[in-house]
Amino acid sequence: MPAQLTEFKVRDATIKLHRAGRGPAVLFLHGAGGVPVWLPFFDALAERYELLVPEHPGFGGSDDPPWITSMSDLAMFYLDFVETAGLEGVHLIGNSLGGWLAAEILIRDRARFRSLVQLAPAGIRVKGVPCGDNFIWGPEEAVRNLYHDQGFADRILALTPSEAQLDIMLRNRFTVAKLGWQPRWFSPDLEKWLHRIKLPALVVWGDDDKIMPPANAALWQQRLPDGRLVMVERCGHLPHVEQAAAVARHVLDFIEGVT
Amino acid sequence: MKLVSFHLMPYRPLDLEEAAKHRSAWVVLPNHLYDPVKGAEEYARHIDALVYAEQLGFDAIGVNEHHQTAYGLMPAPNLIASALIQRTKRVEIAILGRALPLVNNPIYIAEEFAMLDNLSKGRIIAGFVRGIGSEYHSSGSIRISRISAFTRRTT
């Protein structure tokens, strides 16, 4: 199913928005890598839902308004986004940085949301269990540590990015450093507010995630008022990429179950 | 022309074979590779070398700041400057420099420099640096926003 790449304006910021499918709205919030490609996982969701995949401000081809300086600003931006787009009953999905963002959004205002799927989210930590430090890794190491199955990494590393893609990667990295550098990949204030997310929630985690420790999964499940947990075997930090079919099935079953 | 004798104070007893097992001698080098007995001796010798530079006729002696590295034992150059003030008479002492973006309130750094200036009876050269990338890994401060803070504070 071909996705449409559109632009969407929220106050003074115009962002890129990939859209596909029809049905109830599903909003997917990407992680640190942005949206370099349209994924099979997106196709699976777009068969039954209207899938919206925005490129966050400061990522990809979206504007980078100077007033977005933190995850909390980004969360407020997305509350404006769903309101401007007139979305209701949204099923929210976030991966990594996008999962952290999803939680920051929902603790503030969940009125326009129906459910939450967290795919290896950043945002909270188990004390004494450090996350992988992808800021200190070299470029090859950073790709390898995303996956359990090194076949994925091999295929990505075999590609030569274009100048335009390199510019986007640099831009994404700059924004990621702004949002996740310190404290590394979490907000000290988030965990204590997770009880506000009174929505059905599904937490999905790869058992070989080298960036967000699988130990965090149980803490998310504990803190979310209505959370269930699926651990995915032989899987790294991007469950929806590495185990796309299985994860799409879990996510679709979950969303069906709450509608 | 003026001549400066400048020191980074490396930790020379470092076990290079052990150090090579780690990603870098900066930031991630484990503390157990530092022997405080040898380290104290290193400090004494490095300070002696700088003090000797006065006798050799240098116009100034220089110290600088780096963090969590075997490459330099001087995360706080003002402390070493203070020691040098006590051991020298004439030579200027150049701090090259203090990494302003790593601190939260520059007023306290200004106070330190004012103390050094007074202690040395005006022999201090005050320098400020931005710090290199590894400083931002060590300190956990955010390079992007800290550099703009640095620009604001020094202009």
# chains A, B, ... in the order shown; residues from 1 in each chain; ligands from 1

$ select_by_dssp --residues "stretch 72-197 of chain A" --states "strand (DSSP E or B)" --output "PyMOL selection string"
chain A and resi 90-95+113-119+123+186

$ write_last_selection --atoms "N, CA and C atoms" --output "mmCIF file, in the first residue's frame"
data_model
loop_
_atom_site.group_PDB
_atom_site.id
_atom_site.type_symbol
_atom_site.label_atom_id
_atom_site.label_comp_id
_atom_site.auth_asym_id
_atom_site.auth_seq_id
_atom_site.Cartn_x
_atom_site.Cartn_y
_atom_site.Cartn_z
ATOM 1 N N VAL A 90 -7.394 8.101 19.200
ATOM 2 C CA VAL A 90 -6.142 7.718 18.526
ATOM 3 C C VAL A 90 -5.469 6.553 19.253
ATOM 4 N N HIS A 91 -5.026 5.583 18.470
ATOM 5 C CA HIS A 91 -4.156 4.532 19.009
ATOM 6 C C HIS A 91 -2.718 5.003 18.797
ATOM 7 N N LEU A 92 -2.011 5.162 19.893
ATOM 8 C CA LEU A 92 -0.674 5.757 19.833
ATOM 9 C C LEU A 92 0.379 4.657 19.938
ATOM 10 N N ILE A 93 1.343 4.685 19.029
ATOM 11 C CA ILE A 93 2.449 3.710 19.050
ATOM 12 C C ILE A 93 3.759 4.497 19.067
ATOM 13 N N GLY A 94 4.673 4.101 19.930
ATOM 14 C CA GLY A 94 5.971 4.775 19.945
ATOM 15 C C GLY A 94 7.098 3.766 20.046
ATOM 16 N N ASN A 95 8.186 4.072 19.367
ATOM 17 C CA ASN A 95 9.382 3.237 19.459
ATOM 18 C C ASN A 95 10.528 4.063 20.012
ATOM 19 N N PHE A 113 -6.933 10.100 23.017
ATOM 20 C CA PHE A 113 -6.250 8.832 22.764
ATOM 21 C C PHE A 113 -7.035 7.648 23.309
ATOM 22 N N ARG A 114 -6.888 6.499 22.646
ATOM 23 C CA ARG A 114 -7.663 5.315 23.001
ATOM 24 C C ARG A 114 -6.784 4.204 23.562
ATOM 25 N N SER A 115 -5.546 4.098 23.050
ATOM 26 C CA SER A 115 -4.653 3.046 23.549
ATOM 27 C C SER A 115 -3.202 3.429 23.277
ATOM 28 N N LEU A 116 -2.318 2.658 23.896
ATOM 29 C CA LEU A 116 -0.873 2.928 23.771
ATOM 30 C C LEU A 116 -0.118 1.630 23.488
ATOM 31 N N VAL A 117 0.746 1.665 22.485
ATOM 32 C CA VAL A 117 1.687 0.560 22.261
ATOM 33 C C VAL A 117 3.098 1.117 22.403
ATOM 34 N N GLN A 118 3.869 0.492 23.259
ATOM 35 C CA GLN A 118 5.253 0.905 23.487
ATOM 36 C C GLN A 118 6.193 -0.151 22.931
ATOM 37 N N LEU A 119 7.015 0.241 21.964
ATOM 38 C CA LEU A 119 8.003 -0.670 21.384
ATOM 39 C C LEU A 119 9.374 -0.243 21.904
ATOM 40 N N GLY A 123 12.888 6.705 28.203
ATOM 41 C CA GLY A 123 12.089 7.574 29.064
ATOM 42 C C GLY A 123 12.170 7.282 30.547
ATOM 43 N N PHE A 186 16.471 9.294 29.502
ATOM 44 C CA PHE A 186 15.300 9.218 30.377
ATOM 45 C C PHE A 186 15.031 10.576 30.995
#

$ residues_around --residues "A:Ile107" --least-positions-apart "3" --cutoff "6 Å" --atoms "only C-alpha atoms" --output "mmCIF file with N, CA and C atoms, in the first residue's frame"
data_model
loop_
_atom_site.group_PDB
_atom_site.id
_atom_site.type_symbol
_atom_site.label_atom_id
_atom_site.label_comp_id
_atom_site.auth_asym_id
_atom_site.auth_seq_id
_atom_site.Cartn_x
_atom_site.Cartn_y
_atom_site.Cartn_z
ATOM 1 N N GLU A 104 5.200 10.948 27.471
ATOM 2 C CA GLU A 104 5.182 12.377 27.858
ATOM 3 C C GLU A 104 3.886 13.042 27.393
ATOM 4 N N ARG A 196 -0.927 8.196 35.264
ATOM 5 C CA ARG A 196 -1.929 9.016 34.567
ATOM 6 C C ARG A 196 -2.353 8.411 33.231
ATOM 7 N N ILE A 197 -1.578 7.431 32.758
ATOM 8 C CA ILE A 197 -1.899 6.859 31.446
ATOM 9 C C ILE A 197 -2.959 5.764 31.632
#

$ atom_distance --atom1 "atom CA of A:Val126" --atom2 "atom CA of A:Trp181"
17.4 Å

$ interface_residues --of "chain A" --to "chain B" --cutoff "8 Å" --atoms "only C-alpha atoms" --output "ChimeraX atom specification"
/A:177-178,181-183

$ write_last_selection --atoms "N, CA and C atoms" --output "compact mmCIF listing (two decimals), in the first residue's frame"
# COMPACT_ATOMS: atom_id res chain seq x y z
N ALA A 177 20.57 14.44 20.25
CA ALA A 177 21.46 14.88 21.33
C ALA A 177 20.76 15.94 22.18
N LYS A 178 20.03 16.81 21.51
CA LYS A 178 19.30 17.85 22.24
C LYS A 178 18.29 17.22 23.21
N TRP A 181 20.54 13.47 25.41
CA TRP A 181 21.95 13.40 25.86
C TRP A 181 22.06 13.28 27.37
N GLN A 182 21.32 14.13 28.07
CA GLN A 182 21.48 14.17 29.53
C GLN A 182 20.19 14.58 30.20
N PRO A 183 19.67 13.82 31.15
CA PRO A 183 20.13 12.49 31.51
C PRO A 183 19.97 11.55 30.31

$ select_by_dssp --residues "chain B" --states "alpha helix (DSSP H)" --output "ChimeraX atom specification"
/B:16-19,36-55,77-87,106-119,133-139,143-154

$ residues_around --residues "A:Pro139" --least-positions-apart "5" --cutoff "10 Å" --atoms "only C-alpha atoms" --output "PyMOL selection string"
chain A and resi 134+144+157

$ residues_around --residues "A:Arg48" --least-positions-apart "5" --cutoff "12 Å" --atoms "only C-alpha atoms" --output "PyMOL selection string"
chain A and resi 1+20-26+42-43+248+251-253+255-256

$ write_last_selection --atoms "N, CA and C atoms" --output "short mmCIF file (atom, residue, chain, number, x, y, z; two decimals), in the first residue's frame"
data_model
loop_
_atom_site.label_atom_id
_atom_site.label_comp_id
_atom_site.auth_asym_id
_atom_site.auth_seq_id
_atom_site.Cartn_x
_atom_site.Cartn_y
_atom_site.Cartn_z
N MET A 1 0.85 -1.21 0.00
CA MET A 1 0.00 0.00 0.00
C MET A 1 0.89 1.26 0.00
N ALA A 20 -1.20 6.56 5.38
CA ALA A 20 -1.65 5.43 4.56
C ALA A 20 -2.86 4.79 5.23
N GLY A 21 -3.76 4.23 4.42
CA GLY A 21 -4.87 3.43 4.92
C GLY A 21 -6.06 4.25 5.39
N ARG A 22 -7.11 3.52 5.72
CA ARG A 22 -8.35 4.13 6.21
C ARG A 22 -8.83 3.40 7.44
N GLY A 23 -9.56 4.13 8.28
CA GLY A 23 -10.09 3.53 9.50
C GLY A 23 -9.77 4.40 10.68
N PRO A 24 -9.92 3.85 11.89
CA PRO A 24 -9.56 4.61 13.08
C PRO A 24 -8.08 5.03 13.01
N ALA A 25 -7.76 6.16 13.63
CA ALA A 25 -6.40 6.71 13.51
C ALA A 25 -5.39 5.97 14.39
N VAL A 26 -4.26 5.64 13.79
CA VAL A 26 -3.11 5.12 14.52
C VAL A 26 -1.95 6.09 14.27
N PHE A 42 4.34 -0.93 8.81
CA PHE A 42 3.38 0.16 8.53
C PHE A 42 2.29 -0.34 7.58
N ASP A 43 2.70 -1.10 6.56
CA ASP A 43 1.73 -1.65 5.61
C ASP A 43 0.70 -2.51 6.34
N ALA A 248 3.54 -7.07 14.33
CA ALA A 248 2.32 -6.51 13.73
C ALA A 248 1.11 -7.30 14.22
N VAL A 251 0.33 -6.31 17.80
CA VAL A 251 -0.18 -4.94 17.88
C VAL A 251 -1.61 -4.89 17.34
N LEU A 252 -1.84 -5.55 16.19
CA LEU A 252 -3.19 -5.54 15.61
C LEU A 252 -4.19 -6.24 16.53
N ASP A 253 -3.80 -7.37 17.09
CA ASP A 253 -4.69 -8.08 18.02
C ASP A 253 -5.03 -7.19 19.22
N ILE A 255 -4.95 -3.84 19.42
CA ILE A 255 -5.78 -2.69 19.05
C ILE A 255 -7.21 -3.15 18.76
N GLU A 256 -7.35 -4.29 18.06
CA GLU A 256 -8.69 -4.85 17.84
C GLU A 256 -9.41 -5.04 19.16
#

$ closest_residue --among "A:Pro65, A:Gly33, A:Pro130, A:Gly138" --to "A:Gly98" --atoms "only C-alpha atoms"
A:Gly33

$ residues_around --residues "B:Val129" --least-positions-apart "5" --cutoff "10 Å" --atoms "only C-alpha atoms" --output "ChimeraX atom specification"
/B:64-65,95-102,150,154

$ write_last_selection --atoms "N, CA and C atoms" --output "short mmCIF file (atom, residue, chain, number, x, y, z; two decimals), in the first residue's frame"
data_model
loop_
_atom_site.label_atom_id
_atom_site.label_comp_id
_atom_site.auth_asym_id
_atom_site.auth_seq_id
_atom_site.Cartn_x
_atom_site.Cartn_y
_atom_site.Cartn_z
N ASN B 64 46.21 23.62 32.01
CA ASN B 64 44.92 23.56 31.33
C ASN B 64 44.01 22.49 31.92
N GLU B 65 42.82 22.37 31.35
CA GLU B 65 41.76 21.54 31.94
C GLU B 65 41.29 20.45 30.98
N ILE B 95 46.30 30.28 32.69
CA ILE B 95 45.31 29.20 32.76
C ILE B 95 44.66 29.12 31.38
N LEU B 96 44.94 28.00 30.67
CA LEU B 96 44.65 27.96 29.22
C LEU B 96 43.72 26.79 28.85
N GLY B 97 42.58 26.72 29.24
CA GLY B 97 41.91 27.66 30.11
C GLY B 97 40.88 26.88 30.91
N ARG B 98 40.04 27.61 31.53
CA ARG B 98 38.95 27.02 32.30
C ARG B 98 37.76 26.81 31.35
N ALA B 99 37.17 25.60 31.39
CA ALA B 99 36.07 25.27 30.45
C ALA B 99 34.74 25.76 31.02
N LEU B 100 34.42 26.96 30.63
CA LEU B 100 33.24 27.63 31.19
C LEU B 100 31.90 26.93 30.90
N PRO B 101 31.71 26.32 29.72
CA PRO B 101 30.39 25.72 29.46
C PRO B 101 30.05 24.54 30.38
N LEU B 102 31.06 24.00 31.10
CA LEU B 102 30.79 22.82 31.92
C LEU B 102 30.24 23.18 33.30
N PHE B 150 28.19 29.49 26.52
CA PHE B 150 29.58 29.96 26.56
C PHE B 150 29.72 31.25 25.77
N THR B 154 30.92 34.91 27.31
CA THR B 154 32.25 35.44 27.03
C THR B 154 32.21 36.57 26.02
#

$ residues_around --residues "B:Phe58" --least-positions-apart "2" --cutoff "12 Å" --atoms "only C-alpha atoms" --output "compact mmCIF listing (two decimals) with N, CA and C atoms, in the first residue's frame"
# COMPACT_ATOMS: atom_id res chain seq x y z
N MET B 1 58.15 38.87 21.66
CA MET B 1 57.67 37.50 21.81
C MET B 1 57.81 37.04 23.27
N LYS B 2 56.81 36.31 23.71
CA LYS B 2 56.88 35.75 25.07
C LYS B 2 56.85 34.23 25.00
N LEU B 3 57.53 33.60 25.91
CA LEU B 3 57.60 32.13 25.89
C LEU B 3 56.87 31.54 27.10
N VAL B 4 56.06 30.52 26.79
CA VAL B 4 55.27 29.86 27.84
C VAL B 4 55.70 28.40 27.93
N SER B 5 55.95 27.94 29.12
CA SER B 5 56.16 26.51 29.33
C SER B 5 54.82 25.92 29.80
N PHE B 6 54.30 24.99 29.02
CA PHE B 6 52.91 24.56 29.16
C PHE B 6 52.86 23.07 29.48
N ALA B 49 58.44 20.61 37.46
CA ALA B 49 58.88 20.96 36.11
C ALA B 49 58.41 22.37 35.76
N LEU B 50 57.17 22.68 36.13
CA LEU B 50 56.64 24.03 35.82
C LEU B 50 57.37 25.10 36.63
N VAL B 51 57.64 24.79 37.88
CA VAL B 51 58.35 25.75 38.74
C VAL B 51 59.77 25.99 38.18
N TYR B 52 60.41 24.92 37.72
CA TYR B 52 61.76 25.02 37.15
C TYR B 52 61.78 25.93 35.91
N ALA B 53 60.64 25.96 35.19
CA ALA B 53 60.56 26.81 33.99
C ALA B 53 60.79 28.29 34.33
N GLU B 54 60.41 28.69 35.54
CA GLU B 54 60.67 30.08 35.95
C GLU B 54 62.18 30.33 36.01
N GLN B 55 62.88 29.37 36.61
CA GLN B 55 64.34 29.48 36.73
C GLN B 55 65.01 29.52 35.36
N LEU B 56 64.41 28.80 34.40
CA LEU B 56 64.96 28.77 33.04
C LEU B 56 64.68 30.05 32.28
N ALA B 60 56.06 32.80 31.10
CA ALA B 60 54.85 32.30 31.75
C ALA B 60 54.88 30.78 31.81
N ILE B 61 54.11 30.23 32.76
CA ILE B 61 53.91 28.78 32.80
C ILE B 61 52.41 28.53 32.64
N GLY B 62 52.09 27.49 31.85
CA GLY B 62 50.68 27.30 31.49
C GLY B 62 50.11 25.99 32.02
N THR B 88 56.43 30.13 43.08
CA THR B 88 57.11 31.00 42.11
C THR B 88 57.03 32.45 42.56
N ARG B 90 58.05 35.42 40.07
CA ARG B 90 58.02 36.42 39.03
C ARG B 90 57.17 35.99 37.83
N VAL B 91 57.24 34.68 37.54
CA VAL B 91 56.66 34.18 36.29
C VAL B 91 55.14 34.36 36.28
N GLU B 92 54.59 34.63 35.07
CA GLU B 92 53.14 34.70 34.96
C GLU B 92 52.57 33.28 34.89
N ILE B 93 51.34 33.14 35.35
CA ILE B 93 50.71 31.81 35.35
C ILE B 93 49.47 31.87 34.47
N ALA B 94 49.57 31.13 33.33
CA ALA B 94 48.50 31.20 32.34
C ALA B 94 47.56 29.99 32.49

$ closest_residue --among "B:Ile125, B:Ala40, B:Ala110, B:Asp59" --to "B:Ala81" --atoms "only C-alpha atoms"
B:Ile125

$ atom_distance --atom1 "atom CA of B:Ala44" --atom2 "atom CA of B:Leu73"
11.6 Å

$ atom_distance --atom1 "atom CA of B:Gly127" --atom2 "atom CA of B:Asn78"
10.9 Å

$ decode --residues "stretch 48-148 of chain B" --atoms "C-alpha atoms" --output "JSON list (two decimals), in the first residue's frame"
[["chain", "number", "residue", "atom", "x", "y", "z"],
["B", 48, "ASP", "CA", 58.44, 20.80, 39.89],
["B", 49, "ALA", "CA", 58.88, 20.96, 36.11],
["B", 50, "LEU", "CA", 56.64, 24.03, 35.82],
["B", 51, "VAL", "CA", 58.35, 25.75, 38.74],
["B", 52, "TYR", "CA", 61.76, 25.02, 37.15],
["B", 53, "ALA", "CA", 60.56, 26.81, 33.99],
["B", 54, "GLU", "CA", 60.67, 30.08, 35.95],
["B", 55, "GLN", "CA", 64.34, 29.48, 36.73],
["B", 56, "LEU", "CA", 64.96, 28.77, 33.04],
["B", 57, "GLY", "CA", 63.61, 32.21, 32.21],
["B", 58, "PHE", "CA", 60.20, 31.47, 30.70],
["B", 59, "ASP", "CA", 57.81, 34.42, 30.74],
["B", 60, "ALA", "CA", 54.85, 32.30, 31.75],
["B", 61, "ILE", "CA", 53.91, 28.78, 32.80],
["B", 62, "GLY", "CA", 50.68, 27.30, 31.49],
["B", 63, "VAL", "CA", 48.12, 24.86, 32.85],
["B", 64, "ASN", "CA", 44.92, 23.56, 31.33],
["B", 65, "GLU", "CA", 41.76, 21.54, 31.94],
["B", 66, "HIS", "CA", 40.64, 18.11, 30.76],
["B", 67, "HIS", "CA", 38.41, 15.56, 32.44],
["B", 68, "GLN", "CA", 38.50, 11.81, 33.02],
["B", 69, "THR", "CA", 41.62, 11.20, 31.00],
["B", 70, "ALA", "CA", 45.05, 9.67, 31.42],
["B", 71, "TYR", "CA", 46.23, 12.39, 29.06],
["B", 72, "GLY", "CA", 46.00, 15.02, 31.78],
["B", 73, "LEU", "CA", 45.70, 14.98, 35.56],
["B", 74, "MET", "CA", 44.27, 18.47, 35.72],
["B", 75, "PRO", "CA", 40.47, 18.61, 35.80],
["B", 76, "ALA", "CA", 40.80, 21.72, 38.01],
["B", 77, "PRO", "CA", 43.63, 23.91, 36.61],
["B", 78, "ASN", "CA", 42.97, 26.66, 39.15],
["B", 79, "LEU", "CA", 44.06, 24.31, 41.95],
["B", 80, "ILE", "CA", 47.39, 23.72, 40.25],
["B", 81, "ALA", "CA", 47.70, 27.45, 39.50],
["B", 82, "SER", "CA", 47.23, 28.10, 43.20],
["B", 83, "ALA", "CA", 50.04, 25.69, 44.07],
["B", 84, "LEU", "CA", 52.30, 27.31, 41.45],
["B", 85, "ILE", "CA", 51.66, 30.77, 42.90],
["B", 86, "GLN", "CA", 53.14, 29.58, 46.20],
["B", 87, "ARG", "CA", 56.27, 28.18, 44.55],
["B", 88, "THR", "CA", 57.11, 31.00, 42.11],
["B", 89, "LYS", "CA", 57.91, 34.71, 42.40],
["B", 90, "ARG", "CA", 58.02, 36.42, 39.03],
["B", 91, "VAL", "CA", 56.66, 34.18, 36.29],
["B", 92, "GLU", "CA", 53.14, 34.70, 34.96],
["B", 93, "ILE", "CA", 50.71, 31.81, 35.35],
["B", 94, "ALA", "CA", 48.50, 31.20, 32.34],
["B", 95, "ILE", "CA", 45.31, 29.20, 32.76],
["B", 96, "LEU", "CA", 44.65, 27.96, 29.22],
["B", 97, "GLY", "CA", 41.91, 27.66, 30.11],
["B", 98, "ARG", "CA", 38.95, 27.02, 32.30],
["B", 99, "ALA", "CA", 36.07, 25.27, 30.45],
["B", 100, "LEU", "CA", 33.24, 27.63, 31.19],
["B", 101, "PRO", "CA", 30.39, 25.72, 29.46],
["B", 102, "LEU", "CA", 30.79, 22.82, 31.92],
["B", 103, "VAL", "CA", 29.84, 24.83, 34.98],
["B", 104, "ASN", "CA", 26.42, 26.01, 35.96],
["B", 105, "ASN", "CA", 27.21, 29.34, 37.49],
["B", 106, "PRO", "CA", 30.14, 31.31, 36.05],
["B", 107, "ILE", "CA", 30.14, 33.65, 39.03],
["B", 108, "TYR", "CA", 32.01, 31.04, 41.09],
["B", 109, "ILE", "CA", 34.67, 30.76, 38.40],
["B", 110, "ALA", "CA", 35.01, 34.54, 38.37],
["B", 111, "GLU", "CA", 35.51, 34.37, 42.14],
["B", 112, "GLU", "CA", 38.26, 31.76, 41.76],
["B", 113, "PHE", "CA", 40.07, 33.89, 39.21],
["B", 114, "ALA", "CA", 39.76, 36.95, 41.41],
["B", 115, "MET", "CA", 41.32, 34.96, 44.28],
["B", 116, "LEU", "CA", 44.17, 33.70, 42.08],
["B", 117, "ASP", "CA", 44.77, 37.18, 40.73],
["B", 118, "ASN", "CA", 45.04, 38.54, 44.23],
["B", 119, "LEU", "CA", 47.04, 35.62, 45.66],
["B", 120, "SER", "CA", 49.56, 35.98, 42.82],
["B", 121, "LYS", "CA", 49.64, 39.78, 43.05],
["B", 122, "GLY", "CA", 48.53, 40.07, 39.45],
["B", 123, "ARG", "CA", 50.52, 37.25, 37.79],
["B", 124, "ILE", "CA", 47.47, 35.37, 36.42],
["B", 125, "ILE", "CA", 46.49, 35.15, 32.75],
["B", 126, "ALA", "CA", 42.82, 34.11, 32.65],
["B", 127, "GLY", "CA", 41.83, 31.95, 29.70],
["B", 128, "PHE", "CA", 38.53, 30.30, 28.86],
["B", 129, "VAL", "CA", 37.86, 27.36, 26.58],
["B", 130, "ARG", "CA", 34.82, 25.62, 25.19],
["B", 131, "GLY", "CA", 36.09, 22.11, 25.98],
["B", 132, "ILE", "CA", 36.37, 19.31, 23.45],
["B", 133, "GLY", "CA", 33.75, 16.63, 22.74],
["B", 134, "SER", "CA", 34.87, 14.25, 25.47],
["B", 135, "GLU", "CA", 34.31, 16.94, 28.11],
["B", 136, "TYR", "CA", 30.62, 16.76, 27.29],
["B", 137, "HIS", "CA", 30.59, 12.99, 27.72],
["B", 138, "SER", "CA", 32.35, 13.31, 31.09],
["B", 139, "SER", "CA", 30.22, 16.09, 32.46],
["B", 140, "GLY", "CA", 26.89, 15.03, 31.01],
["B", 141, "SER", "CA", 26.21, 18.57, 29.95],
["B", 142, "ILE", "CA", 24.62, 19.14, 26.59],
["B", 143, "ARG", "CA", 27.19, 20.43, 24.14],
["B", 144, "ILE", "CA", 24.76, 22.22, 21.86],
["B", 145, "SER", "CA", 23.10, 24.37, 24.47],
["B", 146, "ARG", "CA", 26.25, 24.80, 26.57],
["B", 147, "ILE", "CA", 28.24, 26.28, 23.69],
["B", 148, "SER", "CA", 25.62, 28.93, 23.13]]
